[in-house]
Structure formats: C-alpha cells, structure tokens
Amino acid sequence: MSLRVVLADDQDLVRAGFRVILGTEPGIEVVGEAGDGADAVELVARLRPDVVLMDVQMPRMDGLEATRRILAAGDGTRVVILTTFDREDYLFEALQAGASGFLLKNASPEDLVESVRVVARGDALLSPEVTRRVIARFSTGARERTRPPELTDREFEVLVELAKGASNAEIAASLYLGETTVKTHVSRVLAKLGLRDRTHAVVFAYERGIVTPGG
C-alpha cells in the first residue's frame, strides 16, 4: 500500500512543489492539502494519513499547535516539520509537541522523499545541518552530569553521544564498541527512559541538563 501524505503549508507554490516531488515517487500518495493549521487538523482527522509535512508559520493556527492536536488524537499519523527557519526553539518545540522530524525547506527533493519514508516506518529524522547547529551550542561537559538511575554507566555514555547527534558508527568509534553492541545499548536506553526514538533522546538530554544550550 502507498504511504498517504498530507501537505500543510500556507504557500500554494510550496505545496505544489512538494506534490510534484512526492507524486513521482512509487509508493507515496499525496491525499490532501491544507493552507493553515486548523484545516490541517481537520483534514488529518478525516483522512488519517501516514505522514503530515507541516509548515511552522501559518495563519489561524501555527504548525506547532496543529502538531500537538494531531498527535494528541493518537491516530498514528507522524509529523515532519518543514520550515525555512533553522531556529532551535522551533526544533525543540516541534519535538516536544511530538513531531518525528524537522527538515528545512531548502533540503533536496531526495531528502524530502526520504523524510516521508523514514518517519512512516517509525524512525525519526533531523536534517544534518539543523542537528549540527543545535549540538554546536551544547555543553561538552555532559559526562559530569547526573546519570539517570535507570541507566548503567555505559548506557549513559551512549545517551551522551546520542545527545551530540552521533550516529551508531560514530558512537562505536568513540566508545570503542561494535555497531551491533551500540544498537543494543541504544534500544535499551530508549526502552528504559520511555523514549519513542533517538531524536527524543536529544530532547530528554536537553531537558534534564545532561546537555545544556549555550555551553
């Protein structure tokens, strides 16, 4: 079955561009479009798509509030925030609202398509440039922070690396572990902390002071 996508953006040309890009991809179908957040909420409730590509700044209701309402309904729809504003306050508000990804509108068509496929299968996505800019402002003294009691020392080290935006391969190199072992540790960290995915591990670490902005 095709992945069903709703586009939410107040600019007709932007929606048209996304529709053309996604419409040429096998296994992806754009089933609806909304020009503001309120319409997006209504449309998602009616159509129950797999993924919503959501703009942040829209009339009547912004994309962050629309995301909160869509995800509060619990219908299984995943949200990718799309914006021209690479601001970390948008990033963290979007993730705290429950979004599964954050992608800048200047991303390549390939990245746009991949974002739909990634979040539809239950993973999370952040554009690399956004991750780098946010992580660059984090304190590097995270290992001196208090370890969550649920985690072992090694699991805490993995959480710290996750919070830096490291991939499994990078974590393996940093901690001198095999990638299979890293995958196991990541799964345990997420399960023990009740986190949906590795992107929300970044939010957890930020909120608990394991990493801090402006460090």
# chains A, B, ... in the order shown; residues from 1 in each chain; ligands from 1
$ residues_around --residues "stretch 158-162 of chain A" --least-positions-apart "5" --cutoff "9 Å" --atoms "only C-alpha atoms" --output "ChimeraX atom specification"
/A:142-143,153,167-168,170-171,174-175,182,185-186,189-190,198-199,201-202,205,210-211
$ atom_distance --atom1 "atom CA of A:Phe204" --atom2 "atom CA of A:Thr77"
22.0 Å
$ closest_residue --among "A:Gly165, A:Gly74, A:Gly63, A:Gly32" --to "A:Arg19" --atoms "only C-alpha atoms"
A:Gly32
$ closest_residue --among "A:Val51, A:Val56, A:Ala66, A:Val203" --to "A:Gly37" --atoms "only C-alpha atoms"
A:Ala66
$ select_by_dssp --residues "stretch 2-215 of chain A" --states "strand (DSSP E or B)" --output "PyMOL selection string"
chain A and resi 3-8+28-34+51-55+78-83+101-104+125-126+138+213
$ write_last_selection --atoms "N, CA and C atoms" --output "compact mmCIF listing (two decimals), in the first residue's frame"
# COMPACT_ATOMS: atom_id res chain seq x y z
N LEU A 3 2.18 5.00 0.92
CA LEU A 3 2.21 5.88 2.08
C LEU A 3 1.35 7.09 1.76
N ARG A 4 0.44 7.43 2.65
CA ARG A 4 -0.51 8.51 2.41
C ARG A 4 -0.02 9.76 3.13
N VAL A 5 0.10 10.86 2.38
CA VAL A 5 0.73 12.08 2.90
C VAL A 5 -0.24 13.25 2.76
N VAL A 6 -0.27 14.10 3.80
CA VAL A 6 -0.98 15.38 3.76
C VAL A 6 0.06 16.50 3.81
N LEU A 7 -0.13 17.51 2.97
CA LEU A 7 0.74 18.68 2.93
C LEU A 7 0.05 19.84 3.62
N ALA A 8 0.73 20.48 4.57
CA ALA A 8 0.17 21.64 5.27
C ALA A 8 1.14 22.80 5.16
N ILE A 28 4.16 6.43 -2.74
CA ILE A 28 3.79 7.62 -1.97
C ILE A 28 2.63 8.31 -2.68
N GLU A 29 1.60 8.67 -1.93
CA GLU A 29 0.43 9.35 -2.49
C GLU A 29 0.08 10.57 -1.64
N VAL A 30 -0.01 11.73 -2.26
CA VAL A 30 -0.49 12.93 -1.56
C VAL A 30 -2.01 12.89 -1.58
N VAL A 31 -2.62 12.76 -0.40
CA VAL A 31 -4.07 12.56 -0.32
C VAL A 31 -4.82 13.83 0.08
N GLY A 32 -4.10 14.88 0.49
CA GLY A 32 -4.79 16.10 0.88
C GLY A 32 -3.82 17.23 1.12
N GLU A 33 -4.35 18.46 1.08
CA GLU A 33 -3.56 19.66 1.31
C GLU A 33 -4.34 20.63 2.18
N ALA A 34 -3.60 21.34 3.04
CA ALA A 34 -4.21 22.33 3.92
C ALA A 34 -3.38 23.61 3.87
N VAL A 51 1.65 10.30 7.12
CA VAL A 51 2.61 11.37 7.39
C VAL A 51 2.00 12.72 7.03
N VAL A 52 2.29 13.74 7.84
CA VAL A 52 1.96 15.12 7.51
C VAL A 52 3.26 15.90 7.38
N LEU A 53 3.42 16.61 6.29
CA LEU A 53 4.52 17.57 6.15
C LEU A 53 3.97 18.92 6.56
N MET A 54 4.45 19.45 7.68
CA MET A 54 3.81 20.57 8.36
C MET A 54 4.70 21.82 8.39
N ASP A 55 4.21 22.92 7.83
CA ASP A 55 4.89 24.21 7.95
C ASP A 55 4.74 24.72 9.38
N ARG A 78 2.25 10.48 11.67
CA ARG A 78 3.55 11.04 12.03
C ARG A 78 3.69 12.42 11.38
N VAL A 79 4.41 13.32 12.04
CA VAL A 79 4.55 14.69 11.56
C VAL A 79 6.01 15.03 11.33
N VAL A 80 6.29 15.59 10.14
CA VAL A 80 7.59 16.18 9.85
C VAL A 80 7.40 17.68 9.73
N ILE A 81 8.11 18.44 10.55
CA ILE A 81 8.05 19.89 10.49
C ILE A 81 8.96 20.38 9.37
N LEU A 82 8.41 21.20 8.48
CA LEU A 82 9.16 21.79 7.38
C LEU A 82 9.17 23.30 7.54
N THR A 83 10.34 23.91 7.51
CA THR A 83 10.40 25.35 7.71
C THR A 83 11.63 25.95 7.04
N GLY A 101 10.16 14.54 13.00
CA GLY A 101 11.27 15.04 12.21
C GLY A 101 11.19 16.53 12.00
N PHE A 102 12.31 17.10 11.58
CA PHE A 102 12.43 18.53 11.36
C PHE A 102 13.34 18.71 10.16
N LEU A 103 12.81 19.29 9.08
CA LEU A 103 13.55 19.40 7.84
C LEU A 103 13.41 20.81 7.29
N LEU A 104 14.53 21.38 6.85
CA LEU A 104 14.48 22.70 6.25
C LEU A 104 13.94 22.61 4.82
N LEU A 125 13.77 11.76 12.28
CA LEU A 125 14.66 12.41 11.33
C LEU A 125 14.90 13.86 11.70
N LEU A 126 16.16 14.26 11.67
CA LEU A 126 16.54 15.66 11.76
C LEU A 126 17.48 15.96 10.61
N PHE A 138 25.63 22.97 22.51
CA PHE A 138 25.50 22.17 23.71
C PHE A 138 26.82 22.16 24.48
N PRO A 213 22.14 24.25 26.53
CA PRO A 213 22.41 25.23 25.49
C PRO A 213 23.37 26.31 25.97
$ closest_residue --among "A:Gly23, A:Asp12, A:Leu195, A:Thr67" --to "A:Pro109" --atoms "only C-alpha atoms"
A:Gly23
$ residues_around --residues "A:Lys192" --least-positions-apart "3" --cutoff "10 Å" --atoms "only C-alpha atoms" --output "PDB file with C-alpha atoms, in the first residue's frame"
ATOM      1  CA  PRO A 148      19.621   8.777  35.199  1.00  0.00           C
ATOM      2  CA  PRO A 149      19.286   5.943  37.749  1.00  0.00           C
ATOM      3  CA  GLU A 150      17.677   3.662  35.155  1.00  0.00           C
ATOM      4  CA  LEU A 151      20.855   3.584  33.082  1.00  0.00           C
ATOM      5  CA  GLU A 155      24.208   3.301  28.655  1.00  0.00           C
ATOM      6  CA  VAL A 186      20.550   2.484  22.116  1.00  0.00           C
ATOM      7  CA  SER A 187      17.485   0.228  22.247  1.00  0.00           C
ATOM      8  CA  ARG A 188      17.931  -0.271  25.989  1.00  0.00           C
ATOM      9  CA  VAL A 189      18.370   3.465  26.617  1.00  0.00           C
ATOM     10  CA  LEU A 195      11.547   7.431  24.743  1.00  0.00           C
TER      11      LEU A 195
END
$ closest_residue --among "A:Ser108, A:Ala169, A:Glu42, A:Leu64" --to "A:Glu93" --atoms "only C-alpha atoms"
A:Leu64
$ closest_residue --among "A:Ser100, A:Gln11, A:Thr84, A:Thr181" --to "A:Arg117" --atoms "only C-alpha atoms"
A:Ser100
